[in-house]
file entry-v6.txt (compact mmCIF, C-alpha atoms)
# COMPACT_ATOMS: atom_id res chain seq x y z
CA MET W 1122 2.99 -35.35 2.59
CA ASP W 1123 6.41 -35.15 4.27
CA PHE W 1124 7.74 -31.67 5.05
CA THR W 1125 10.84 -32.74 7.01
CA ASN W 1126 13.25 -32.38 4.08
CA ILE W 1127 14.31 -28.72 3.92
CA GLU W 1128 16.80 -29.37 1.11
CA ILE W 1129 13.91 -29.25 -1.36
CA GLY W 1130 13.28 -25.64 -0.36
CA ASP W 1131 16.94 -24.68 -0.42
CA ALA W 1132 17.67 -25.69 -4.00
CA TYR W 1133 17.01 -22.25 -5.48
CA ARG W 1134 19.34 -20.44 -3.06
CA THR W 1135 22.97 -19.60 -3.76
CA GLU W 1136 25.57 -20.50 -1.14
CA SER W 1137 25.75 -16.90 0.06
CA GLU W 1138 21.94 -16.83 0.40
CA LYS W 1139 22.05 -20.02 2.46
CA ARG W 1140 24.64 -18.49 4.80
CA ARG W 1141 22.54 -15.33 5.10
CA ALA W 1142 19.46 -17.41 5.95
CA ILE W 1143 21.37 -19.11 8.77
CA TRP W 1144 22.41 -15.74 10.20
CA VAL W 1145 18.86 -14.40 9.98
CA PHE W 1146 17.43 -17.41 11.80
CA ARG W 1147 20.18 -17.23 14.42
CA ILE W 1148 19.11 -13.69 15.22
CA VAL W 1149 15.35 -14.21 15.22
CA THR W 1150 15.58 -17.21 17.55
CA LYS W 1151 16.93 -14.83 20.21
CA PRO W 1152 14.06 -12.58 21.37
CA PHE W 1153 16.36 -10.15 23.18
CA LEU W 1154 18.23 -9.45 19.93
CA VAL W 1155 14.94 -8.79 18.16
CA ARG W 1156 13.91 -6.33 20.91
CA ILE W 1157 17.27 -4.55 20.75
CA GLY W 1158 17.07 -4.36 16.96
CA LYS W 1159 13.58 -2.88 17.13
CA ILE W 1160 14.74 -0.15 19.51
CA PHE W 1161 17.76 0.60 17.36
CA LEU W 1162 15.63 0.97 14.25
CA LYS W 1163 13.27 3.41 15.94
CA ILE W 1164 16.22 5.55 17.07
CA ALA W 1165 17.93 5.35 13.68
CA LEU W 1166 14.78 6.37 11.82
CA PHE W 1167 14.15 9.23 14.24
CA LEU W 1168 17.73 10.50 13.88
CA ARG W 1169 17.68 9.83 10.13
CA ILE W 1170 20.67 7.53 10.35
CA PRO W 1171 21.07 5.43 7.16
CA ILE W 1172 19.74 1.98 8.04
CA LYS W 1173 20.43 0.07 4.83
CA PRO W 1174 23.92 -1.14 5.87
CA PHE W 1175 22.44 -2.63 9.06
CA THR W 1176 19.23 -4.09 7.70
CA ASN W 1177 20.09 -5.16 4.16
CA PHE W 1178 20.73 -8.81 5.07
CA MET W 1179 17.32 -9.08 6.80
CA PHE W 1180 15.62 -7.21 3.94
CA LYS W 1181 17.06 -9.53 1.30
CA HIS W 1182 15.89 -12.61 3.20
CA PHE W 1183 12.28 -11.54 3.73
CA CYS W 1184 11.69 -9.16 0.77
CA GLY W 1185 11.89 -9.43 -2.98
CA GLY W 1186 13.61 -6.11 -3.59
CA GLU W 1187 13.04 -2.37 -3.56
CA ASN W 1188 11.04 -2.32 -6.78
CA LEU W 1189 8.87 -4.52 -8.96
CA HIS W 1190 11.68 -5.18 -11.42
CA GLU W 1191 13.67 -6.94 -8.70
CA VAL W 1192 10.62 -8.98 -7.68
CA LEU W 1193 10.20 -10.10 -11.30
CA SER W 1194 13.74 -11.41 -11.32
CA LEU W 1195 12.99 -13.41 -8.16
CA SER W 1196 9.71 -14.71 -9.60
CA GLU W 1197 11.58 -16.16 -12.56
CA ARG W 1198 13.87 -18.07 -10.19
CA LEU W 1199 10.96 -19.37 -8.11
CA GLY W 1200 8.93 -20.19 -11.21
CA LYS W 1201 11.53 -22.75 -12.27
CA TYR W 1202 10.40 -24.78 -9.25
CA ASN W 1203 6.67 -24.27 -9.90
CA VAL W 1204 6.46 -21.74 -7.05
CA LYS W 1205 4.38 -18.67 -7.93
CA THR W 1206 4.96 -15.12 -6.68
CA ILE W 1207 2.55 -12.56 -5.25
CA PRO W 1208 4.23 -9.11 -5.23
CA ASP W 1209 3.13 -7.19 -2.13
CA TYR W 1210 3.93 -3.47 -2.11
CA SER W 1211 4.50 -3.25 1.64
CA ILE W 1212 4.37 0.47 2.32
CA GLU W 1213 2.52 1.28 5.55
CA GLY W 1214 1.40 4.35 7.43
CA ALA W 1215 0.92 6.72 4.47
CA ALA W 1216 -2.49 8.42 4.55
CA ASP W 1217 -2.70 11.16 1.95
CA GLU W 1218 -4.02 11.44 -1.58
CA LYS W 1219 -0.57 11.14 -3.11
CA SER W 1220 0.13 7.86 -1.31
CA PHE W 1221 -3.31 6.50 -2.22
CA LYS W 1222 -2.69 7.18 -5.91
CA ASN W 1223 0.79 5.67 -5.64
CA LEU W 1224 -0.59 2.42 -4.22
CA ILE W 1225 -3.30 2.20 -6.89
CA ARG W 1226 -0.70 2.73 -9.58
CA GLU W 1227 1.53 0.03 -8.09
CA VAL W 1228 -1.30 -2.50 -7.72
CA LYS W 1229 -2.31 -1.87 -11.34
CA ARG W 1230 1.26 -2.56 -12.41
CA VAL W 1231 1.09 -5.91 -10.64
CA ILE W 1232 -2.28 -6.61 -12.26
CA ASP W 1233 -0.75 -5.89 -15.68
CA LEU W 1234 2.07 -8.32 -14.94
CA ALA W 1235 -0.27 -10.99 -13.61
CA ALA W 1236 -2.41 -10.79 -16.75
CA ASP W 1237 0.56 -11.90 -18.88
CA ASN W 1238 2.87 -13.72 -16.46
CA LYS W 1239 2.02 -17.27 -15.36
CA ASN W 1240 4.31 -16.90 -12.34
CA ILE W 1241 2.16 -14.11 -10.82
CA PRO W 1242 -1.36 -15.38 -10.05
CA PHE W 1243 -2.67 -12.60 -7.76
CA ALA W 1244 -2.34 -8.94 -6.87
CA VAL W 1245 -2.67 -7.82 -3.24
CA PHE W 1246 -2.96 -4.72 -1.06
CA LYS W 1247 -3.84 -3.62 2.46
CA PRO W 1248 -7.18 -1.79 2.81
CA THR W 1249 -5.65 0.89 5.03
CA GLY W 1250 -3.36 1.73 2.14
CA LEU W 1251 -6.29 3.47 0.43
CA ILE W 1252 -7.91 5.36 3.31
CA SER W 1253 -6.96 6.99 6.61
CA ALA W 1254 -7.62 4.20 9.09
CA GLU W 1255 -9.77 6.25 11.46
CA PHE W 1256 -12.49 6.46 8.81
CA LEU W 1257 -12.83 2.67 8.89
CA GLU W 1258 -13.70 2.54 12.58
CA GLN W 1259 -17.08 1.03 13.37
CA GLU W 1260 -18.43 4.31 14.75
CA THR W 1261 -17.84 6.10 11.44
CA PRO W 1262 -20.99 6.56 9.31
CA ALA W 1263 -20.99 4.31 6.28
CA ASN W 1264 -21.78 7.28 4.04
CA HIS W 1265 -18.93 9.46 5.31
CA PRO W 1266 -17.29 11.35 2.38
CA SER W 1267 -13.94 9.67 3.07
CA VAL W 1268 -15.59 6.25 2.92
CA ASP W 1269 -17.24 7.17 -0.37
CA LYS W 1270 -13.86 8.17 -1.81
CA TYR W 1271 -12.42 4.92 -0.48
CA LYS W 1272 -15.06 2.93 -2.35
CA LYS W 1273 -14.18 4.77 -5.57
CA ARG W 1274 -10.49 3.93 -5.11
CA LEU W 1275 -11.34 0.28 -4.54
CA ASP W 1276 -13.61 0.24 -7.58
CA GLU W 1277 -10.78 1.64 -9.69
CA VAL W 1278 -8.61 -1.32 -8.68
CA PHE W 1279 -11.28 -4.03 -8.93
CA SER W 1280 -12.74 -2.85 -12.23
CA TYR W 1281 -9.25 -2.84 -13.73
CA ALA W 1282 -8.61 -6.33 -12.34
CA LYS W 1283 -11.91 -7.56 -13.78
CA ILE W 1284 -10.97 -6.32 -17.25
CA LYS W 1285 -7.59 -8.06 -16.98
CA GLY W 1286 -9.04 -11.22 -15.42
CA VAL W 1287 -6.73 -11.02 -12.41
CA ARG W 1288 -7.66 -11.96 -8.85
CA VAL W 1289 -6.99 -9.47 -6.04
CA LEU W 1290 -6.35 -10.37 -2.41
CA VAL W 1291 -7.42 -7.77 0.15
CA ASP W 1292 -5.56 -8.27 3.42
CA ALA W 1293 -7.28 -8.20 6.81
CA GLU W 1294 -6.90 -5.36 9.29
CA ASP W 1295 -7.50 -4.64 12.99
CA TYR W 1296 -10.83 -5.73 14.48
CA LYS W 1297 -12.09 -2.16 14.81
CA TYR W 1298 -11.60 -1.57 11.06
CA GLN W 1299 -12.67 -4.93 9.69
CA THR W 1300 -16.46 -4.52 9.98
CA ARG W 1301 -16.44 -1.57 7.58
CA ILE W 1302 -14.06 -3.44 5.26
CA ASP W 1303 -16.32 -6.51 5.28
CA GLU W 1304 -19.34 -4.40 4.33
CA VAL W 1305 -17.55 -2.73 1.44
CA LEU W 1306 -15.93 -5.89 0.08
CA LEU W 1307 -19.22 -7.77 0.15
CA ASP W 1308 -20.65 -5.21 -2.27
CA PHE W 1309 -17.64 -5.54 -4.56
CA MET W 1310 -17.73 -9.35 -4.48
CA HIS W 1311 -21.37 -9.13 -5.50
CA LYS W 1312 -20.44 -6.79 -8.33
CA TYR W 1313 -17.31 -8.47 -9.71
CA ASN W 1314 -17.40 -12.16 -8.68
CA LYS W 1315 -20.09 -13.38 -11.07
CA ASP W 1316 -18.19 -16.05 -12.99
CA LYS W 1317 -14.99 -16.29 -10.96
CA SER W 1318 -13.57 -14.70 -7.84
CA ILE W 1319 -11.86 -11.42 -8.66
CA VAL W 1320 -12.17 -9.93 -5.17
CA PHE W 1321 -10.83 -11.98 -2.24
CA THR W 1322 -11.50 -11.01 1.36
CA THR W 1323 -9.32 -12.25 4.24
CA LEU W 1324 -10.58 -14.02 7.36
CA GLN W 1325 -8.40 -14.02 10.47
CA MET W 1326 -9.49 -17.26 12.11
CA TYR W 1327 -8.25 -16.34 15.58
CA ARG W 1328 -11.42 -14.24 15.76
CA HIS W 1329 -14.26 -16.29 17.23
CA ASP W 1330 -16.87 -14.70 14.89
CA ARG W 1331 -15.18 -15.60 11.62
CA LEU W 1332 -16.54 -19.13 11.23
CA ASP W 1333 -20.09 -17.77 11.40
CA TYR W 1334 -19.14 -15.02 8.95
CA LEU W 1335 -17.80 -17.68 6.57
CA ARG W 1336 -21.14 -19.49 6.75
CA PHE W 1337 -22.84 -16.20 5.92
CA LEU W 1338 -20.55 -15.67 2.93
CA ILE W 1339 -21.25 -19.15 1.57
CA ASP W 1340 -25.01 -18.69 1.95
CA PHE W 1341 -24.70 -15.28 0.28
CA ALA W 1342 -22.80 -16.81 -2.64
CA LYS W 1343 -25.43 -19.51 -3.12
CA ARG W 1344 -28.32 -17.04 -2.90
CA GLU W 1345 -26.81 -14.44 -5.21
CA GLN W 1346 -25.23 -17.00 -7.55
CA ILE W 1347 -21.73 -15.55 -7.29
CA LYS W 1348 -18.30 -16.83 -6.29
CA ILE W 1349 -16.67 -15.94 -2.99
CA GLY W 1350 -12.90 -15.60 -2.75
CA VAL W 1351 -11.43 -16.06 0.74
CA LYS W 1352 -7.90 -15.93 1.99
CA PHE W 1353 -7.58 -17.75 5.33
CA VAL W 1354 -4.97 -16.80 7.93
CA ARG W 1355 -4.74 -17.39 11.65
CA GLY W 1356 -4.23 -13.72 12.56
CA ALA W 1357 -1.58 -11.07 13.02
CA TYR W 1358 -2.63 -8.68 15.77
CA MET W 1359 -3.34 -10.87 18.82
CA GLU W 1360 -1.63 -8.90 21.58
CA LYS W 1361 -2.84 -5.58 20.19
CA GLU W 1362 -6.43 -6.83 19.96
CA ARG W 1363 -6.46 -8.19 23.50
CA GLU W 1364 -5.09 -4.95 24.94
CA ARG W 1365 -7.45 -2.80 22.89
CA ALA W 1366 -10.48 -4.85 24.03
CA LYS W 1367 -9.37 -4.46 27.63
CA GLN W 1368 -8.95 -0.70 27.31
CA GLY W 1369 -12.22 -0.30 25.40
CA ASN W 1370 -14.11 -2.51 27.85
CA TYR W 1371 -15.56 -4.76 25.16
CA PRO W 1372 -15.34 -8.57 24.77
CA ASP W 1373 -12.03 -9.93 23.52
CA PRO W 1374 -12.64 -10.87 19.84
CA ILE W 1375 -9.84 -13.46 19.88
CA TYR W 1376 -10.10 -17.14 20.83
CA PRO W 1377 -8.60 -17.79 24.29
CA THR W 1378 -6.17 -20.49 23.14
CA LYS W 1379 -4.10 -21.35 20.09
CA GLN W 1380 -5.81 -24.75 19.96
CA ASP W 1381 -9.17 -22.99 19.54
CA THR W 1382 -7.71 -20.96 16.68
CA ASP W 1383 -6.22 -24.04 15.02
CA GLU W 1384 -9.56 -25.85 15.20
CA ALA W 1385 -11.44 -22.85 13.79
CA PHE W 1386 -8.92 -22.53 10.95
CA ASP W 1387 -9.17 -26.19 9.99
CA ASN W 1388 -12.97 -26.17 10.32
CA ALA W 1389 -13.12 -23.16 8.00
CA ILE W 1390 -11.03 -24.93 5.37
CA ALA W 1391 -13.18 -28.07 5.69
CA LEU W 1392 -16.41 -26.07 5.30
CA SER W 1393 -14.97 -24.31 2.26
CA ILE W 1394 -13.89 -27.55 0.60
CA GLU W 1395 -17.43 -28.86 1.11
CA ASN W 1396 -18.70 -25.81 -0.76
CA VAL W 1397 -15.92 -25.45 -3.30
CA GLU W 1398 -18.47 -24.90 -6.06
CA HIS W 1399 -19.18 -21.51 -4.46
CA ILE W 1400 -15.90 -20.49 -2.84
CA GLU W 1401 -12.27 -20.20 -3.92
CA ILE W 1402 -9.73 -20.91 -1.19
CA PHE W 1403 -6.41 -19.22 -0.52
CA ASN W 1404 -4.84 -21.07 2.42
CA GLY W 1405 -2.20 -18.75 3.91
CA THR W 1406 -0.51 -20.89 6.53
CA HIS W 1407 2.87 -21.97 7.89
CA ASN W 1408 1.24 -24.81 9.83
CA GLU W 1409 2.17 -28.19 8.37
CA GLU W 1410 -0.81 -29.99 9.90
CA SER W 1411 -3.27 -27.51 8.39
CA VAL W 1412 -1.69 -28.07 4.98
CA LYS W 1413 -1.93 -31.85 5.36
CA LYS W 1414 -5.58 -31.65 6.42
CA MET W 1415 -6.52 -29.58 3.38
CA ILE W 1416 -4.70 -32.03 1.11
CA SER W 1417 -6.59 -34.91 2.69
CA LEU W 1418 -9.90 -33.10 2.15
CA MET W 1419 -8.99 -32.46 -1.48
CA LYS W 1420 -8.28 -36.14 -2.02
CA THR W 1421 -11.55 -37.14 -0.34
CA ARG W 1422 -13.44 -34.85 -2.73
CA GLN W 1423 -11.28 -36.11 -5.63
CA LEU W 1424 -10.11 -32.58 -6.42
CA SER W 1425 -6.98 -32.34 -8.52
CA ASN W 1426 -3.78 -30.98 -6.98
CA ASP W 1427 -3.73 -28.05 -9.39
CA ASP W 1428 -7.43 -27.13 -9.11
CA GLU W 1429 -7.40 -23.37 -9.79
CA ARG W 1430 -9.91 -22.74 -7.00
CA LEU W 1431 -7.46 -24.00 -4.36
CA TRP W 1432 -4.25 -22.28 -3.33
CA PHE W 1433 -1.61 -22.51 -0.60
CA SER W 1434 0.76 -19.71 0.36
CA GLN W 1435 3.66 -18.93 2.66
CA LEU W 1436 5.65 -15.76 3.22
CA TYR W 1437 8.91 -15.32 1.33
CA GLY W 1438 11.84 -16.28 3.54
CA MET W 1439 9.75 -18.61 5.70
CA ARG W 1440 8.74 -22.30 5.56
CA ASP W 1441 10.33 -23.07 2.22
CA ASN W 1442 10.12 -26.78 3.11
CA ILE W 1443 6.32 -26.50 2.82
CA THR W 1444 6.23 -24.30 -0.27
CA PHE W 1445 8.64 -26.24 -2.43
CA LYS W 1446 7.31 -29.66 -1.43
CA LEU W 1447 3.80 -28.58 -2.43
CA ALA W 1448 5.13 -27.19 -5.69
CA SER W 1449 6.95 -30.43 -6.46
CA GLU W 1450 3.62 -32.28 -6.11
CA GLN W 1451 1.92 -29.83 -8.52
CA TYR W 1452 -0.23 -28.06 -5.93
CA ASN W 1453 -0.96 -24.37 -6.50
CA VAL W 1454 1.37 -22.57 -4.12
CA ALA W 1455 2.69 -19.02 -4.03
CA LYS W 1456 5.11 -16.96 -2.00
CA TYR W 1457 3.91 -13.64 -0.62
CA VAL W 1458 6.82 -11.39 -1.63
CA PRO W 1459 6.94 -7.93 -0.03
CA TYR W 1460 8.85 -5.19 -1.79
CA GLY W 1461 9.49 -1.46 -1.55
CA PRO W 1462 12.18 0.97 -0.32
CA ILE W 1463 13.98 -0.50 2.70
CA LYS W 1464 13.10 2.40 4.98
CA GLU W 1465 9.41 2.13 4.14
CA VAL W 1466 9.29 -1.66 4.55
CA MET W 1467 10.83 -1.66 8.04
CA PRO W 1468 7.48 -2.08 9.91
CA TYR W 1469 6.96 -5.28 7.92
CA LEU W 1470 10.47 -6.56 8.68
CA VAL W 1471 10.04 -5.92 12.39
CA ARG W 1472 6.80 -7.94 12.42
CA ARG W 1473 8.47 -10.83 10.59
CA ALA W 1474 11.34 -10.86 13.08
CA GLU W 1475 8.91 -10.81 16.00
CA GLU W 1476 6.78 -13.55 14.44
CA ASN W 1477 9.80 -15.80 13.98
CA SER W 1478 10.95 -15.00 17.50
CA SER W 1479 7.59 -16.13 18.90
CA MET W 1480 8.02 -19.44 17.02
CA SER W 1481 11.61 -19.90 18.19
CA SER W 1482 11.35 -23.70 18.65
CA GLN W 1483 10.01 -24.19 15.12
CA VAL W 1484 12.56 -21.81 13.59
CA GLY W 1485 15.32 -23.35 15.70
CA GLU W 1486 14.53 -26.77 14.25
CA GLU W 1487 14.79 -25.36 10.74
CA LEU W 1488 18.09 -23.65 11.66
CA THR W 1489 19.52 -26.93 12.98
CA LYS W 1490 18.70 -28.67 9.72
CA MET W 1491 20.23 -25.86 7.67
CA ARG W 1492 23.48 -26.04 9.64
CA SER W 1493 23.74 -29.78 9.03
CA MET W 1494 23.46 -29.46 5.25
call {"tool": "encode", "arguments": {"input": "entry-v6.txt", "output": "structure tokens"}}
result
Amino acid sequence: MDFTNIEIGDAYRTESEKRRAIWVFRIVTKPFLVRIGKIFLKIALFLRIPIKPFTNFMFKHFCGGENLHEVLSLSERLGKYNVKTIPDYSIEGAADEKSFKNLIREVKRVIDLAADNKNIPFAVFKPTGLISAEFLEQETPANHPSVDKYKKRLDEVFSYAKIKGVRVLVDAEDYKYQTRIDEVLLDFMHKYNKDKSIVFTTLQMYRHDRLDYLRFLIDFAKREQIKIGVKFVRGAYMEKERERAKQGNYPDPIYPTKQDTDEAFDNAIALSIENVEHIEIFNGTHNEESVKKMISLMKTRQLSNDDERLWFSQLYGMRDNITFKLASEQYNVAKYVPYGPIKEVMPYLVRRAEENSSMSSQVGEELTKMRSM
């Protein structure tokens, strides 16, 4: 599998979109510009200065639009190249009953679309979008009234998804919240994943306990005769987790090196392929080697490229060379496509800019190729 040709991932873009992509990558390969932009956004939001004129080009590159209708238009374009779309309503920080109901309504809309639209294979949401985060902390009693309400909100989503036959990805959160999330999702997987995986949990493989937890999940699936759905990612909160562990005087939950994380990620995929009769895999990665290793494992097990239990995914606006090459070879691959009002999606955009900045050599290589086209 050769991912060096980025033209295959540029075919769907207009000329203006290609020029915008070059400008975006020029900016994110300069960490000092990312830092300045982050400070400016904080000031602008505090002073209520309109930010759309300054951020629209970044928003259009990394997001599918301000509403689901715009995401649908994008999904039709991507679908022509066999690339699926996962609409991700990326509103963060809201923690009241109104916002909880709004998220449930939006996820149900995606579920309705996914039930009838072959280009939308999953729905997705963040767990902290349905509860105030402090109630997910490990010290919080499991039977706290807020946790009980949280379970009812989750059940509303999962029961609806079960009726529609649509799979739902539940994103991972900070270490201090994830234990409570794991406990709750395990109950819902037991309830709804009888014949196929409706509920997918997410494992951040930079955590050194996740490989053991995966083994537990597989054993649980075998014992209870259910399916386990798992989305695998490397992890998104490394610096925050290290600092929090230091301040809280507890062991750092993150592997000490990136190599350790890479090995854990690939070992998790290998273990899952070995047990594919019990687990459905959603491989969320921008790492070309991890993609190649999973493909090799699939071939060894003589699993078809389009086996519905096996998925790859990359974020919209990133690593199109991987996404579109996989799609051209008939692998199941989808773009995570955030959407929502620009102002509300800014925390997501900042993280994407910082993530690209931290991978400046990789992004710089992609930028060089784009300039030469």
call {"tool": "residues_around", "arguments": {"input": "entry-v6.txt", "residues": "range 1224-1233 of chain W", "least_positions_apart": "6", "cutoff": "9 Å", "atoms": "all atoms listed in the file", "output": "ChimeraX atom specification"}}
result
/W:1189,1207-1210,1212,1241,1243-1246,1250-1251,1274-1275,1277-1278,1281-1282,1285-1289
call {"tool": "write_last_selection", "arguments": {"input": "entry-v6.txt", "atoms": "C-alpha atoms", "output": "mmCIF file, in the frame of the given file"}}
result
data_model
loop_
_atom_site.group_PDB
_atom_site.id
_atom_site.type_symbol
_atom_site.label_atom_id
_atom_site.label_comp_id
_atom_site.auth_asym_id
_atom_site.auth_seq_id
_atom_site.Cartn_x
_atom_site.Cartn_y
_atom_site.Cartn_z
ATOM 1 C CA LEU W 1189 8.870 -4.520 -8.960
ATOM 2 C CA ILE W 1207 2.550 -12.560 -5.250
ATOM 3 C CA PRO W 1208 4.230 -9.110 -5.230
ATOM 4 C CA ASP W 1209 3.130 -7.190 -2.130
ATOM 5 C CA TYR W 1210 3.930 -3.470 -2.110
ATOM 6 C CA ILE W 1212 4.370 0.470 2.320
ATOM 7 C CA ILE W 1241 2.160 -14.110 -10.820
ATOM 8 C CA PHE W 1243 -2.670 -12.600 -7.760
ATOM 9 C CA ALA W 1244 -2.340 -8.940 -6.870
ATOM 10 C CA VAL W 1245 -2.670 -7.820 -3.240
ATOM 11 C CA PHE W 1246 -2.960 -4.720 -1.060
ATOM 12 C CA GLY W 1250 -3.360 1.730 2.140
ATOM 13 C CA LEU W 1251 -6.290 3.470 0.430
ATOM 14 C CA ARG W 1274 -10.490 3.930 -5.110
ATOM 15 C CA LEU W 1275 -11.340 0.280 -4.540
ATOM 16 C CA GLU W 1277 -10.780 1.640 -9.690
ATOM 17 C CA VAL W 1278 -8.610 -1.320 -8.680
ATOM 18 C CA TYR W 1281 -9.250 -2.840 -13.730
ATOM 19 C CA ALA W 1282 -8.610 -6.330 -12.340
ATOM 20 C CA LYS W 1285 -7.590 -8.060 -16.980
ATOM 21 C CA GLY W 1286 -9.040 -11.220 -15.420
ATOM 22 C CA VAL W 1287 -6.730 -11.020 -12.410
ATOM 23 C CA ARG W 1288 -7.660 -11.960 -8.850
ATOM 24 C CA VAL W 1289 -6.990 -9.470 -6.040
#
call {"tool": "residues_near_point", "arguments": {"input": "entry-v6.txt", "point": "(-15.9, -28.0, -7.3)", "cutoff": "8 Å", "atoms": "all atoms listed in the file", "output": "compact mmCIF listing (two decimals) with C-alpha atoms, keeping the file's coordinate frame"}}
result
# COMPACT_ATOMS: atom_id res chain seq x y z
CA ASN W 1396 -18.70 -25.81 -0.76
CA VAL W 1397 -15.92 -25.45 -3.30
CA GLU W 1398 -18.47 -24.90 -6.06
CA HIS W 1399 -19.18 -21.51 -4.46
CA LEU W 1424 -10.11 -32.58 -6.42
CA ARG W 1430 -9.91 -22.74 -7.00
call {"tool": "residues_near_point", "arguments": {"input": "entry-v6.txt", "point": "(-8.3, -25.9, 3.4)", "cutoff": "6 Å", "atoms": "only C-alpha atoms", "output": "list in words"}}
result
Ile1390, Ala1391 and Met1415 of chain W
call {"tool": "atom_distance", "arguments": {"input": "entry-v6.txt", "atom1": "CA of Met1439 in chain W", "atom2": "CA of Tyr1457 in chain W"}}
result
9.9 Å
call {"tool": "atom_distance", "arguments": {"input": "entry-v6.txt", "atom1": "CA of Thr1206 in chain W", "atom2": "CA of Asn1240 in chain W"}}
result
6.0 Å
call {"tool": "closest_residue", "arguments": {"input": "entry-v6.txt", "among": "W:Glu1294, W:Arg1355, W:Ile1394, W:Ala1366", "to": "Lys1420 in chain W", "atoms": "only C-alpha atoms"}}
result
W:Ile1394
call {"tool": "residues_around", "arguments": {"input": "entry-v6.txt", "residues": "range 1301-1306 of chain W", "least_positions_apart": "3", "cutoff": "7 Å", "atoms": "all atoms listed in the file", "output": "list in words"}}
result
Leu1257, Gln1259, Tyr1298, Phe1309, Met1310 and Thr1322 of chain W
call {"tool": "write_last_selection", "arguments": {"input": "entry-v6.txt", "atoms": "C-alpha atoms", "output": "compact mmCIF listing (two decimals), in the frame of the given file"}}
result
# COMPACT_ATOMS: atom_id res chain seq x y z
CA LEU W 1257 -12.83 2.67 8.89
CA GLN W 1259 -17.08 1.03 13.37
CA TYR W 1298 -11.60 -1.57 11.06
CA PHE W 1309 -17.64 -5.54 -4.56
CA MET W 1310 -17.73 -9.35 -4.48
CA THR W 1322 -11.50 -11.01 1.36
call {"tool": "closest_residue", "arguments": {"input": "entry-v6.txt", "among": "W:Val1204, W:Thr1249, W:Gly1350, W:Glu1187", "to": "Gly1130 in chain W", "atoms": "all atoms listed in the file"}}
result
W:Val1204
call {"tool": "residues_around", "arguments": {"input": "entry-v6.txt", "residues": "Tyr1376 in chain W", "least_positions_apart": "5", "cutoff": "12 Å", "atoms": "all atoms listed in the file", "output": "count of residues only"}}
result
20
call {"tool": "atom_distance", "arguments": {"input": "entry-v6.txt", "atom1": "CA of Asp1269 in chain W", "atom2": "CA of Lys1297 in chain W"}}
result
18.5 Å
